[in-house]
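*Asks:* Sharing a structure with you now.
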Amino acid sequence: MNIVEIKNLSYKYDKANVLENINLEIKKDDFLAIIGPNGGGKSTLLKLILNLKKPQIGTITKNLKDDCFGYVPQNTNLNIDFPITALEVVLMGHISAKNKFFGYSKEDISCAMNSLEQVGMKKYANSKIGNLSGGQRQRVFIARALCSNPQVLLLDEPTASIDVKGQKEVYELLVKLNEQMTIVVVSHDISVLLNYAKSVAHINKNLVYHKLDNVKNNINDNEHLCEVELLSALGKSSCGCSHHG
Ligand SMILES: Nc1ncnc2c1ncn2[C@@H]1O[C@H](COP(=O)(O)OP(=O)(O)OP(=O)(O)O)[C@@H](O)[C@H]1O
């Protein structure tokens with residue numbers, strides 16, 4: 001089943017298209033990595049999928065309601081010096097309409113604790129968010145997105161500025177969550193993604209989609225690939241992006 005079907009989508013902020021004639025089907029249970037150079041249009045595509053922006057040309061058809069999509073944004077805009085606990089951060093994603101003006105219900109709290117448990121952070125529920133490592137903090141933000149029981153989880157650069165160990169933990173968590181939900185992740189960590197994603201969409205104004213099974217078979221586990229090498233392994237020789245070494 002296709003969860004999202006994007007047809008002939010183009011989008012511009014000013015004069016030039018940042019996305020041009022995009023076609024993409026996101027299948028249920030996929031773990032899709034969206035990669036590409038800075039300014040290539042990755043975040044814009046995510047926002048279009050999430051209805052935060054409207055397509056100007058083309059269509060996006062979703063076969064699930066909007067509240068089935070969970071979102072972990074790139075910049076959480078949370079001041080980590082603010083004395084708020086992990087549990088409180090998760091609860092911020094979980095204000096039930098009924099109790100909006102009267103704090104959180106017991107159900108909200110127990111649901112938030114379940115989300116923290118899902119990401120392996122239950123024992124840190126009462127820790128101040130500023131005292132957690134980058135990877136732990138990101139797992140708390142993922143827990144916040146899990147509060148609404150999403151069937152699809154979209155994450156924008158979830159491992160930016162996290163150390164290697166923390167990145168691995170976040171990706172391993174996403175693989176676990178992928179047993180229950182579809183994962184769409186925007187990332188620059190190409191070689192890391194190869195170990196976790198099932199498919200990849202490379203965006204640089206245009207989009208090229210690849211399933212990763214064939215590629216993985218041709219690459220050693222320890223081989224480090226930059227973007228150009230990966231795209232070459234995927235069978236796409238010219239990509240117009242720079243080699244970062
Ligand atoms: N609100 C906006 N107004 C005008 N231009 C914008 C706006 N948001 C993004 N852009 C431009 O659109 C292009 C695509 O931006 P987008 O953030 O989607 O790229 P990206 O691939 O996510 O980049 P990065 O990897 O740096 O996060 C960029 O040239 C960016 O400067």
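If you're wondering about the labels, chains in the structure tokens are A, B, ... by order shown, residues count from 1 in each chain, ligands from 1 in order shown.
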Would you mind listing the residues within 7 Å of ligand 1, counting only C-alpha atoms and all ligand atoms, as a VMD selection string?
*Replies:* chain A and resid 13 to 14 18 36 to 45
*Asks:* Which segment 28-146 of chain A residues have any atom within 6 Å of an atom of segment 152-166 of chain A, and for each, what is the nearest pair of atoms with distance in Å to one decimal, counting only C-alpha atoms, rows sorted by chain and number, as a Markdown table?
*Replies:*
| residue | atom | partner | partner_atom | distance |
| --- | --- | --- | --- | --- |
| A:Phe69 | CA | A:Val152 | CA | 4.9 |
| A:Gly70 | CA | A:Leu153 | CA | 4.7 |
| A:Tyr71 | CA | A:Leu154 | CA | 4.9 |
| A:Val72 | CA | A:Leu155 | CA | 4.7 |
| A:Pro73 | CA | A:Asp156 | CA | 5.3 |
| A:Gln74 | CA | A:Asp156 | CA | 4.7 |
| A:Gly134 | CA | A:Ile162 | CA | 5.3 |
| A:Gly135 | CA | A:Gly166 | CA | 4.3 |
*Asks:* Would you please extract all strand (DSSP E or B) residues from segment 83-213 of chain A, as assigned by DSSP on the backbone, and give them as a PyMOL selection string?
*Replies:* chain A and resi 85+128+152-156+182-186+199-204+206-211
*Asks:* Could you state the separation of atom CA of Lys211 of chain A and atom CA of Val185 of chain A in Å, given to one decimal place?
*Replies:*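 Separating atom CA of Lys211 of chain A from atom CA of Val185 of chain A is a distance of 14.8 Å.
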*Asks:* Measuring between only C-alpha atoms, which one of A:Ala33, A:Lys47, A:Val184, A:Ala143 shows the shortest distance to Leu87 of chain A?
*Replies:*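 Of A:Ala33, A:Lys47, A:Val184, A:Ala143, the one nearest Leu87 of chain A, counting only C-alpha atoms, is A:Ala143.
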*Asks:* With only C-alpha atoms as the counted atoms, please give the residues lying no more than 12 Å from Lys176 of chain A, apart from itself and same-chain residues fewer than 2 positions off, as a ChimeraX atom specification.
*Replies:* /A:29,31,118-120,169-174,178-183,196-197
*Asks:* Using C-alpha atoms, can you write the selected residues to a file as a short mmCIF file (atom, residue, chain, number, x, y, z; two decimals), in the first residue's frame?
*Replies:*
data_model
loop_
_atom_site.label_atom_id
_atom_site.label_comp_id
_atom_site.auth_asym_id
_atom_site.auth_seq_id
_atom_site.Cartn_x
_atom_site.Cartn_y
_atom_site.Cartn_z
CA ASP A 29 6.61 -0.05 6.27
CA PHE A 31 12.38 3.15 5.88
CA GLN A 118 9.51 2.94 23.68
CA VAL A 119 12.64 5.03 23.10
CA GLY A 120 14.54 3.56 26.08
CA GLU A 169 21.47 4.69 19.05
CA VAL A 170 19.01 6.96 17.24
CA TYR A 171 19.20 4.91 14.04
CA GLU A 172 18.86 1.62 15.92
CA LEU A 173 15.78 3.05 17.61
CA LEU A 174 14.35 4.00 14.21
CA ASN A 178 10.12 0.64 11.73
CA GLU A 179 8.71 -2.75 12.84
CA GLN A 180 5.51 -0.85 13.70
CA MET A 181 5.53 2.23 11.49
CA THR A 182 6.85 3.75 8.29
CA ILE A 183 9.98 5.89 8.73
CA TYR A 196 19.50 1.14 8.25
CA ALA A 197 17.35 2.48 5.39
#
*Asks:* Please return as a list in words: the residues of segment 127-175 of chain A that backbone DSSP assigns to helix (DSSP H, G or I).
*Replies:*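 Answer for segment 127-175 of chain A restricted to helix (DSSP H, G or I) is Ile129, Gly130, Asn131, Gly134, Gly135, Gln136, Arg137, Gln138, Arg139, Val140, Phe141, Ile142, Ala143, Arg144, Ala145, Leu146, Val164, Lys165, Gly166, Gln167, Lys168, Glu169, Val170, Tyr171, Glu172, Leu173, Leu174 and Val175 of chain A.
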*Asks:* Could you save the residues just selected, with N, CA and C atoms, as a compact mmCIF listing (two decimals), in the first residue's frame?
*Replies:*
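Full text of again-v1.txt as output:
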# COMPACT_ATOMS: atom_id res chain seq x y z
N ILE A 129 16.25 18.21 30.73
CA ILE A 129 16.60 17.97 29.33
C ILE A 129 18.03 18.43 29.03
N GLY A 130 18.47 19.50 29.73
CA GLY A 130 19.82 20.03 29.52
C GLY A 130 20.91 19.11 30.04
N ASN A 131 20.54 18.14 30.91
CA ASN A 131 21.55 17.23 31.46
C ASN A 131 21.70 15.95 30.63
N GLY A 134 23.22 14.55 23.60
CA GLY A 134 22.49 14.91 22.37
C GLY A 134 21.61 13.77 21.87
N GLY A 135 22.15 12.54 21.90
CA GLY A 135 21.40 11.38 21.42
C GLY A 135 20.20 11.08 22.31
N GLN A 136 20.41 11.21 23.63
CA GLN A 136 19.29 10.96 24.57
C GLN A 136 18.19 12.00 24.37
N ARG A 137 18.62 13.25 24.17
CA ARG A 137 17.65 14.34 23.98
C ARG A 137 16.84 14.11 22.70
N GLN A 138 17.52 13.65 21.67
CA GLN A 138 16.81 13.40 20.41
C GLN A 138 15.79 12.28 20.61
N ARG A 139 16.15 11.27 21.42
CA ARG A 139 15.20 10.18 21.67
C ARG A 139 13.97 10.70 22.41
N VAL A 140 14.17 11.70 23.28
CA VAL A 140 13.03 12.30 23.98
C VAL A 140 12.12 13.03 22.96
N PHE A 141 12.74 13.72 22.01
CA PHE A 141 11.92 14.40 20.99
C PHE A 141 11.16 13.39 20.12
N ILE A 142 11.80 12.24 19.89
CA ILE A 142 11.10 11.19 19.14
C ILE A 142 9.92 10.68 19.98
N ALA A 143 10.15 10.53 21.29
CA ALA A 143 9.06 10.09 22.18
C ALA A 143 7.89 11.07 22.11
N ARG A 144 8.20 12.37 22.03
CA ARG A 144 7.13 13.37 21.94
C ARG A 144 6.30 13.15 20.68
N ALA A 145 6.98 12.84 19.57
CA ALA A 145 6.24 12.60 18.32
C ALA A 145 5.45 11.30 18.37
N LEU A 146 5.87 10.36 19.23
CA LEU A 146 5.18 9.06 19.31
C LEU A 146 3.88 9.13 20.10
N VAL A 164 28.95 10.04 17.35
CA VAL A 164 28.75 8.81 16.57
C VAL A 164 27.93 7.77 17.35
N LYS A 165 28.24 7.64 18.65
CA LYS A 165 27.53 6.65 19.48
C LYS A 165 26.04 7.02 19.54
N GLY A 166 25.77 8.31 19.76
CA GLY A 166 24.38 8.77 19.84
C GLY A 166 23.65 8.58 18.52
N GLN A 167 24.34 8.80 17.41
CA GLN A 167 23.73 8.62 16.08
C GLN A 167 23.29 7.17 15.91
N LYS A 168 24.21 6.26 16.30
CA LYS A 168 23.94 4.83 16.15
C LYS A 168 22.69 4.46 16.97
N GLU A 169 22.62 5.00 18.19
CA GLU A 169 21.47 4.69 19.05
C GLU A 169 20.16 5.20 18.43
N VAL A 170 20.22 6.40 17.86
CA VAL A 170 19.01 6.96 17.24
C VAL A 170 18.59 6.09 16.05
N TYR A 171 19.55 5.72 15.21
CA TYR A 171 19.20 4.91 14.04
C TYR A 171 18.70 3.52 14.44
N GLU A 172 19.33 2.94 15.47
CA GLU A 172 18.86 1.62 15.92
C GLU A 172 17.44 1.71 16.47
N LEU A 173 17.15 2.83 17.14
CA LEU A 173 15.78 3.05 17.61
C LEU A 173 14.82 3.14 16.42
N LEU A 174 15.23 3.86 15.37
CA LEU A 174 14.35 4.00 14.21
C LEU A 174 14.09 2.65 13.54
N VAL A 175 15.12 1.79 13.51
CA VAL A 175 14.93 0.45 12.94
C VAL A 175 13.89 -0.31 13.76
*Asks:* Quick one: residues within 8 Å of Ala86 of chain A, only C-alpha atoms, excluding same-chain residues fewer than 2 positions away - as a list in words?
*Replies:* Ile84, Glu88, Val89, Val90, Tyr124, Ala125, Asn126, Ser127, Lys128, Ile129, Arg137 and Val140 of chain A
*Asks:* Go ahead and save the picked residues with N, CA and C atoms, as a compact mmCIF listing (two decimals), in the first residue's frame.
*Replies:*
# COMPACT_ATOMS: atom_id res chain seq x y z
N ILE A 84 13.37 22.08 32.24
CA ILE A 84 12.19 21.26 31.95
C ILE A 84 12.66 19.80 31.90
N GLU A 88 8.22 16.24 30.81
CA GLU A 88 7.48 17.45 30.43
C GLU A 88 7.60 17.75 28.94
N VAL A 89 8.79 17.48 28.38
CA VAL A 89 8.97 17.69 26.93
C VAL A 89 8.01 16.77 26.17
N VAL A 90 7.93 15.51 26.59
CA VAL A 90 7.06 14.56 25.90
C VAL A 90 5.59 14.98 26.06
N TYR A 124 14.94 8.20 32.56
CA TYR A 124 15.37 9.60 32.56
C TYR A 124 14.17 10.57 32.60
N ALA A 125 12.99 10.04 32.88
CA ALA A 125 11.76 10.86 32.80
C ALA A 125 11.89 12.16 33.59
N ASN A 126 12.53 12.09 34.77
CA ASN A 126 12.60 13.29 35.62
C ASN A 126 13.93 14.03 35.50
N SER A 127 14.75 13.61 34.52
CA SER A 127 16.02 14.33 34.29
C SER A 127 15.74 15.61 33.53
N LYS A 128 16.52 16.64 33.86
CA LYS A 128 16.42 17.90 33.12
C LYS A 128 16.94 17.66 31.70
N ILE A 129 16.25 18.21 30.73
CA ILE A 129 16.60 17.97 29.33
C ILE A 129 18.03 18.43 29.03
N ARG A 137 18.62 13.25 24.17
CA ARG A 137 17.65 14.34 23.98
C ARG A 137 16.84 14.11 22.70
N VAL A 140 14.17 11.70 23.28
CA VAL A 140 13.03 12.30 23.98
C VAL A 140 12.12 13.03 22.96
*Asks:* Record the distance separating atom CA of Leu50 of chain A and atom CA of Cys68 of chain A, expressed in Å with one decimal.
*Replies:*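 These two atoms are separated by 10.4 Å.
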*Asks:* Would you work out the distance separating atom CA of Lys53 of chain A from atom CA of Asn79 of chain A, expressed in Å to one decimal?
*Replies:*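 Taking atom CA of Lys53 of chain A as the start and atom CA of Asn79 of chain A as the end point, the length is 26.0 Å.
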